[in-house]
Amino acid sequence: MPYDNSNQLLSSVSEYLFLILYSFYITYSSNGLPFHFLFFILYVCFTVRFQSCDGNKKIHFGSSEPEDFRIDEDGVVYAERSFQLSAEPTEFVVSAQDKETQEEWQMRVKLTPEPAFTGASEKDQKKTEDIIFPWQQYKHSSHLKRQKRDWVIPPINLPENSRGPFPQELVRIRSDRDKSLSLRYSVTGPGADQPPTGIFIINPISGQLSVTKPLDREQIASFHLRAHAVDVNGNQVENPIDIVINVIDMNDNRPEFLHQVWNGTVPEGSKPGTYVMTVTAIDADDPNAQNGMLRYRILSQAPSTPSPNMFTINNETGDIITVAAGLDREKVQQYTLIIQATDMEGNPTYGLSNTATAVITVTDVNDNPPEFTAMTFYGEVPENRVDVIVANLTVTDKDQPHTPAWNAMYRMTGGDPTGRFTILTDPNSNDGLVTVVKPIDFETNRMFVLTVAAENQVPLAKGIQHPPQSTATVSITVIDVNESPYFVPNPKLVRQEEGLLAGSMLTTFTAQDPDRYMQQTSLRYSKLSDPANWLKIDPINGQITTTAVLDRESIYVQNNMYNATFLASDNGIPPMSGTGTLQIYLLDINDNAPQVNPKEATTCETLQPNAINITAVDPDIDPNAGPFAFELPDTPPSIKRNWTIVRISGDHAQLSLRIRFLEAGIYDVPIVITDSGNPHASSTSVLKVKVCQCDINGDCTDVDRIVGAGLGTGAIIAILLCIIILLILVLMFVVWMKRRDKERQAKQLLIDPEDDVRDNILKYDEEGGGEEDQDYDLSQLQQPDTVEPDAIKPVGIRRLDERPIHAEPQYPVRSAAPHPGDIGDFINEGLKAADNDPTAPPYDSLLVFDYEGSGSTAGSLSSLNSSSSGGEQDYDYLNDWGPRFKKLADMYGGGDD
């Protein structure tokens with residue numbers, strides 16, 4: 001097309017673009033006359049493109065019929081409404097205006113409906129559009145011609161879910177050089193030769209581009225293909241052109257809510273316009289088209305009280321808000337809404353819809369204060385009892401249980417100035433528990449009237465007209481009980497000098513009974529604790545007297561104080577008693593004389609600087625104790641002649657030798673010690689001094705030093721006992737060894753290990769007796785010569801140690817010792833008899849005891865043994881035992897052979 005003066009070009013496929021929008025055959029049977037009805041809905045009609053020479057123009061498209069057709073910035077023309085198309089073409093003007101210069105170009109568009117394909121031949125159908133490759137003048141041409149610009153191919157809009165038939169022709173690609181050359185056409189790109197392959201095919205000869213199956217915009221919204229034209233040799237004859245196929249969205253997807261059940265909350269009493277929650281649905285269709293534009297609405301509300309329209313929903317955002325007042329949790333705790341989402345901008349005729357459930361819970365606010373169930377509550381409590389619940393205060397609250405708006409708090413506003421009561425809240429029942437925290441005296445207060453108030457943990461919501469709290473009175477009666485008597489004062493302190501004689505009156509210790517309104521007799525007193533048993537108390541008047549001398553130095557006195565406990569009891573119901581403590585502070589008197597410490601000491605024989613340090617000990621305390629005076633008595637005279645004493649402090653003195661030498665030994669040195677009391681108390685204490693020989697260091701070297709150094713009588717006795725026990729053990733061990741040696745010698749009388757040649761035989765193949773060798777006949781050991789007579793058997797045919805069954809030379813007869821006391825002696829005698837028999841082996845008399853028993857069915861094999869002396873025996877009798885023993889007879893009875 002030629003350039004215009006303004007270098008602008010408004011191009012279109014043709015002056016009039018014919019577009020098939022939708023054709024439907026709707027046949028109605030009315031009076032037998034069918035009719036054909038065509039209608040038009042919102043759909044992408046076509047796309048216009050504006051191309052300028054410089055390519056930098058910013059164009060705004062417009063339509064002369066904006067109520068019917070809308071043109072977006074990208075040039076896509078949409079039908080704005082649904083309307084019927086008549087057989088006459090529909091015309092309107094498309095304008096393109098430069099946003100900067102406001103220059104405008106116009107193009108007229110004519111739309112004509114085309115009948116849908118109903119099986120007519122291809123020649124009756126509309127021919128597909130041809131896309132012609134631009135031809136370029138070769139550079140070596142002799143004539144200069146303007147080179148044709150590449151075409152900008154408008155996108156091909158193809159509806160999704162097309163019903164075919166397939167393959168469906170889309171466009172025909174043709175090169176203007178096909179008149180002189182034989183060309184081949186092909187397309188490449190996703191959908192053609194790339195995955196997903198085979199969706200678009202092209203006839204290589206005719207260049208007809210077709211689609212082979214329905215498309216799904218939700219999977220692939222557009223395809224970008226490239227068309228190629230080559231000659232028969234595969235040489236490219238045209239530059240490839242781009243083909244964009246847009247899949248036009250169809251309303252084939254319903255809206256889907258993200259959740260089937262949505263949960264929200266709203267406080268009770270909320271004002272209209274309060275936001276509650278947002279529900280959201282999605283539509284897989286194009287969100288920029290009506291197919292994906294959703295609208296929300298509420299289908300139903302349950303329950304419908306107090307109004308059937310308590311909530312509304314923003315039809316575009318899905319926000320649910322309140323539109324009516326009257327939300328009361330105490331009446332309706334939950335609302336259930338059925339929400340519907342519809343595409344096609346909510347069009348009820350053509351839009352697809354889906355539903356979900358919105359559950360709105362009305363949350364509690366403190367719009368109901370607690371209210372007492374009664375105006376006055378009553379209770380009673382025994383006196384002197386604490387931590388006792390005396391009354392239960394019950395309240396009602398319509399708010400949600402166990403929330404701050406329901407939980408009650410109680411406080412006393414009057415009637416308890418001394419703070420003897422408190423009110424706790426039962427967390428389960430919300431009741432107020434009036435509890436006594438301080439003892440109450442019936443004689444002082446017989447009744448309390450408390451004023452209490454109840455309120456919630458959180459304040460009431462704004463606008464609530466109820467009072468914020470509820471009040472009530474609590475009447476509490478105090479019950480008189482028998483109380484324990486009490487001593488006054490307790491404890492009672494008495495100061496008394498020690499040494500008070502038994503039977504002396506010490507003090508009076510009485511108690512009081514707090515029960516002034518009970519008729520009771522006088523109290524009775526008794527002693528409860530008296531560690532030293534020094535006191536007694538009169539049961540009627542409580543007068544305390546001594547039963548022994550009070551001694552401050554007693555072990556029961558601590559820090560000069562002696563404690564005794566007494567009991568006072570009444571005769572009430574039930575009887576009660578109270579205790580009191582008497583503290584006696586004992587004043588010291590000089591009743592104890594001082595004593596020397598230590599009682600024993602050691603010094604050397606010679607006069608050396610090794611004086612003995614002594615200390616005075618006095619149980620009394622100041623001023624009846626130190627300083628002390630130390631001196632030696634005048635009698636006997638040897639004391640002052642041999643010793644001297646010097647005081648070095650108020651409590652200490654040194655005793656030393658007066659003479660140069662004193663013979664070693666133990667000396668008793670009396671020492672007179674006098675205290676500072678008034679009057680003075682003195683005593684003579686004996687100090688046992690051991691005088692010993694000393695080395696140059698002043699240490700004792702005597703043998704007796706061991707005892708003097710601390711080895712006392714108990715230690716010496718223990719050492720002697722250990723020595724005696726050790727000697728007894730040694731003696732017992734010697735006796736045991738002698739007895740064991742005697743037993744070993746007795747065993748050696750039976751068998752001498754050096755002479756016993758049978759040991760190697762009997763050790764290995766001794767099988768023992770059979771089943772009839774279990775009853776042992778000890779008479780065979782005691783009197784072997786009294787056995788039954790043996791049968792006569794030739795010498796050499798049997799073993800000599802076998803039990804004899806024939807007469808043969810017997811052992812020398814020995815005296816019959818009826819039942820010898822020791823079996824060892826008996827066997828010894830048999831051994832001696834066998835040794836004196838020259839015809840018997842030395843062990844014969846012992847092996848006879850291996851006899852298996854008289855009842856054994858097994859014959860003796862003792863005749864098979866060879867002589868231990870190496871002599872020859874006659875084995876010819878084996879020939880008489882049958883053919884089985886023939887070989888044995890040949891081996892042993894063959895003589896020299």
# chains A, B, ... in the order shown; residues from 1 in each chain; ligands from 1

$ residues_around --residues "region 261-276 of chain A" --least-positions-apart "6" --cutoff "9 Å" --atoms "only C-alpha atoms" --output "ChimeraX atom specification"
/A:310-311,319-330,333-334,356-365,367

$ residues_around --residues "region 491-503 of chain A" --least-positions-apart "3" --cutoff "9 Å" --atoms "only C-alpha atoms" --output "CSV table (one decimal) with N, CA and C atoms, in the first residue's frame"
chain,number,residue,atom,x,y,z
A,487,PHE,N,-2.9,-19.4,130.6
A,487,PHE,CA,-2.1,-19.0,131.8
A,487,PHE,C,-1.7,-17.5,131.5
A,488,VAL,N,-1.7,-16.7,132.6
A,488,VAL,CA,-1.3,-15.3,132.5
A,488,VAL,C,-0.4,-15.0,133.7
A,506,LEU,N,7.3,-21.8,146.1
A,506,LEU,CA,8.0,-21.1,145.0
A,506,LEU,C,7.2,-19.9,144.5
A,507,THR,N,6.0,-20.2,143.9
A,507,THR,CA,5.2,-19.2,143.3
A,507,THR,C,3.8,-19.8,143.1
A,509,PHE,N,1.0,-20.2,140.0
A,509,PHE,CA,0.8,-20.1,138.5
A,509,PHE,C,-0.6,-20.5,138.2
A,534,TRP,N,11.7,-31.4,140.4
A,534,TRP,CA,11.9,-30.5,141.5
A,534,TRP,C,10.6,-29.9,142.0
A,535,LEU,N,9.5,-29.9,141.3
A,535,LEU,CA,8.3,-29.1,141.6
A,535,LEU,C,7.1,-29.9,141.7
A,545,THR,N,5.3,-25.6,144.8
A,545,THR,CA,6.3,-25.8,145.8
A,545,THR,C,7.4,-26.8,145.3
A,546,THR,N,8.5,-26.7,146.0
A,546,THR,CA,9.6,-27.5,145.6
A,546,THR,C,9.6,-28.9,146.3
A,547,THR,N,10.1,-29.9,145.6
A,547,THR,CA,10.2,-31.3,146.1
A,547,THR,C,11.6,-31.7,146.2
A,548,ALA,N,12.6,-30.9,145.8
A,548,ALA,CA,14.0,-31.2,145.9
A,548,ALA,C,14.7,-29.9,145.9
A,549,VAL,N,16.0,-29.9,146.2
A,549,VAL,CA,16.8,-28.7,146.3
A,549,VAL,C,17.1,-28.2,144.9
A,550,LEU,N,16.9,-27.0,144.7
A,550,LEU,CA,17.2,-26.4,143.3
A,550,LEU,C,18.7,-26.2,143.2
A,551,ASP,N,19.3,-26.7,142.1
A,551,ASP,CA,20.7,-26.7,141.9
A,551,ASP,C,21.0,-26.1,140.6
A,552,ARG,N,21.7,-24.9,140.6
A,552,ARG,CA,22.0,-24.2,139.3
A,552,ARG,C,22.9,-25.1,138.5
A,553,GLU,N,23.8,-25.9,139.1
A,553,GLU,CA,24.7,-26.7,138.4
A,553,GLU,C,24.2,-28.0,137.8
A,580,GLY,N,1.0,-23.8,130.3
A,580,GLY,CA,1.8,-22.7,130.6
A,580,GLY,C,3.2,-23.1,131.0
A,581,THR,N,4.1,-22.2,130.8
A,581,THR,CA,5.5,-22.5,131.0
A,581,THR,C,6.0,-21.6,132.2
A,582,LEU,N,6.6,-22.3,133.2
A,582,LEU,CA,7.3,-21.6,134.3
A,582,LEU,C,8.8,-21.6,134.1
A,583,GLN,N,9.4,-20.4,134.0
A,583,GLN,CA,10.8,-20.3,133.9
A,583,GLN,C,11.4,-19.8,135.2
A,584,ILE,N,12.3,-20.6,135.8
A,584,ILE,CA,13.0,-20.3,137.0
A,584,ILE,C,14.4,-19.9,136.7
A,585,TYR,N,14.7,-18.7,137.0
A,585,TYR,CA,16.1,-18.2,136.8
A,585,TYR,C,16.8,-18.4,138.1
A,586,LEU,N,17.8,-19.3,138.2
A,586,LEU,CA,18.5,-19.7,139.4
A,586,LEU,C,19.7,-18.8,139.6
A,587,LEU,N,19.7,-18.2,140.7
A,587,LEU,CA,20.9,-17.3,141.1
A,587,LEU,C,21.9,-18.1,141.7
A,588,ASP,N,23.2,-17.9,141.4
A,588,ASP,CA,24.3,-18.8,141.9
A,588,ASP,C,24.6,-18.4,143.4
A,589,ILE,N,24.9,-19.4,144.2
A,589,ILE,CA,25.5,-19.3,145.5
A,589,ILE,C,26.8,-20.1,145.5
A,591,ASP,N,28.3,-22.8,146.5
A,591,ASP,CA,28.0,-24.1,147.1
A,591,ASP,C,28.9,-25.2,146.5

$ atom_distance --atom1 "CA of Gln654 (chain A)" --atom2 "CA of Asp695 (chain A)"
21.7 Å

$ select_by_dssp --residues "region 117-300 of chain A" --states "strand (DSSP E)" --output "number ranges by chain"
A: 130-133, 156-159, 168-175, 183-188, 200-202, 208-211, 222-231, 241-248, 256-257, 261-267, 275-278, 281-282, 295-300

$ residues_around --residues "Arg254 (chain A)" --least-positions-apart "5" --cutoff "10 Å" --atoms "only C-alpha atoms" --output "mmCIF file with N, CA and C atoms, in the first residue's frame"
data_model
loop_
_atom_site.group_PDB
_atom_site.id
_atom_site.type_symbol
_atom_site.label_atom_id
_atom_site.label_comp_id
_atom_site.auth_asym_id
_atom_site.auth_seq_id
_atom_site.Cartn_x
_atom_site.Cartn_y
_atom_site.Cartn_z
ATOM 1 N N ALA A 281 -13.292 -17.468 45.828
ATOM 2 C CA ALA A 281 -13.415 -18.537 44.841
ATOM 3 C C ALA A 281 -12.533 -18.187 43.655
ATOM 4 N N ILE A 282 -12.120 -19.199 42.928
ATOM 5 C CA ILE A 282 -11.288 -19.007 41.744
ATOM 6 C C ILE A 282 -11.970 -19.682 40.563
ATOM 7 N N ASP A 283 -11.673 -19.147 39.361
ATOM 8 C CA ASP A 283 -12.222 -19.690 38.122
ATOM 9 C C ASP A 283 -11.059 -19.881 37.162
ATOM 10 N N ALA A 284 -10.945 -21.083 36.614
ATOM 11 C CA ALA A 284 -9.840 -21.390 35.710
ATOM 12 C C ALA A 284 -9.950 -20.656 34.382
ATOM 13 N N ASP A 285 -11.105 -20.080 34.088
ATOM 14 C CA ASP A 285 -11.262 -19.344 32.840
ATOM 15 C C ASP A 285 -10.487 -18.028 32.892
ATOM 16 N N ASN A 291 -15.791 -14.664 31.330
ATOM 17 C CA ASN A 291 -15.845 -16.066 31.751
ATOM 18 C C ASN A 291 -15.184 -16.285 33.113
ATOM 19 N N GLY A 292 -14.212 -15.455 33.453
ATOM 20 C CA GLY A 292 -13.517 -15.612 34.721
ATOM 21 C C GLY A 292 -13.831 -14.531 35.727
ATOM 22 N N LEU A 294 -15.975 -13.184 38.548
ATOM 23 C CA LEU A 294 -16.906 -13.802 39.499
ATOM 24 C C LEU A 294 -17.682 -12.747 40.249
ATOM 25 N N ALA A 341 -20.955 -18.302 44.182
ATOM 26 C CA ALA A 341 -20.057 -17.567 43.283
ATOM 27 C C ALA A 341 -20.432 -17.917 41.854
ATOM 28 N N THR A 342 -20.662 -16.894 40.999
ATOM 29 C CA THR A 342 -21.096 -17.093 39.616
ATOM 30 C C THR A 342 -20.170 -16.323 38.698
ATOM 31 N N ASP A 343 -19.740 -16.983 37.610
ATOM 32 C CA ASP A 343 -18.904 -16.281 36.632
ATOM 33 C C ASP A 343 -19.789 -15.517 35.649
ATOM 34 N N GLY A 351 -24.002 -17.692 33.216
ATOM 35 C CA GLY A 351 -22.886 -17.931 34.131
ATOM 36 C C GLY A 351 -22.974 -19.278 34.826
ATOM 37 N N LEU A 352 -21.787 -19.815 35.125
ATOM 38 C CA LEU A 352 -21.690 -21.046 35.905
ATOM 39 C C LEU A 352 -21.440 -20.671 37.363
ATOM 40 N N SER A 353 -21.987 -21.451 38.281
ATOM 41 C CA SER A 353 -21.910 -21.076 39.704
ATOM 42 C C SER A 353 -21.544 -22.274 40.552
ATOM 43 N N ASN A 354 -21.179 -21.952 41.767
ATOM 44 C CA ASN A 354 -20.854 -22.967 42.776
ATOM 45 C C ASN A 354 -21.143 -22.351 44.140
#

$ closest_residue --among "A:Ser470, A:Ser182, A:Asn430, A:Thr425" --to "Phe372 (chain A)" --atoms "only C-alpha atoms"
A:Ser470

$ atom_distance --atom1 "CA of Ile671 (chain A)" --atom2 "CA of Ser554 (chain A)"
26.3 Å
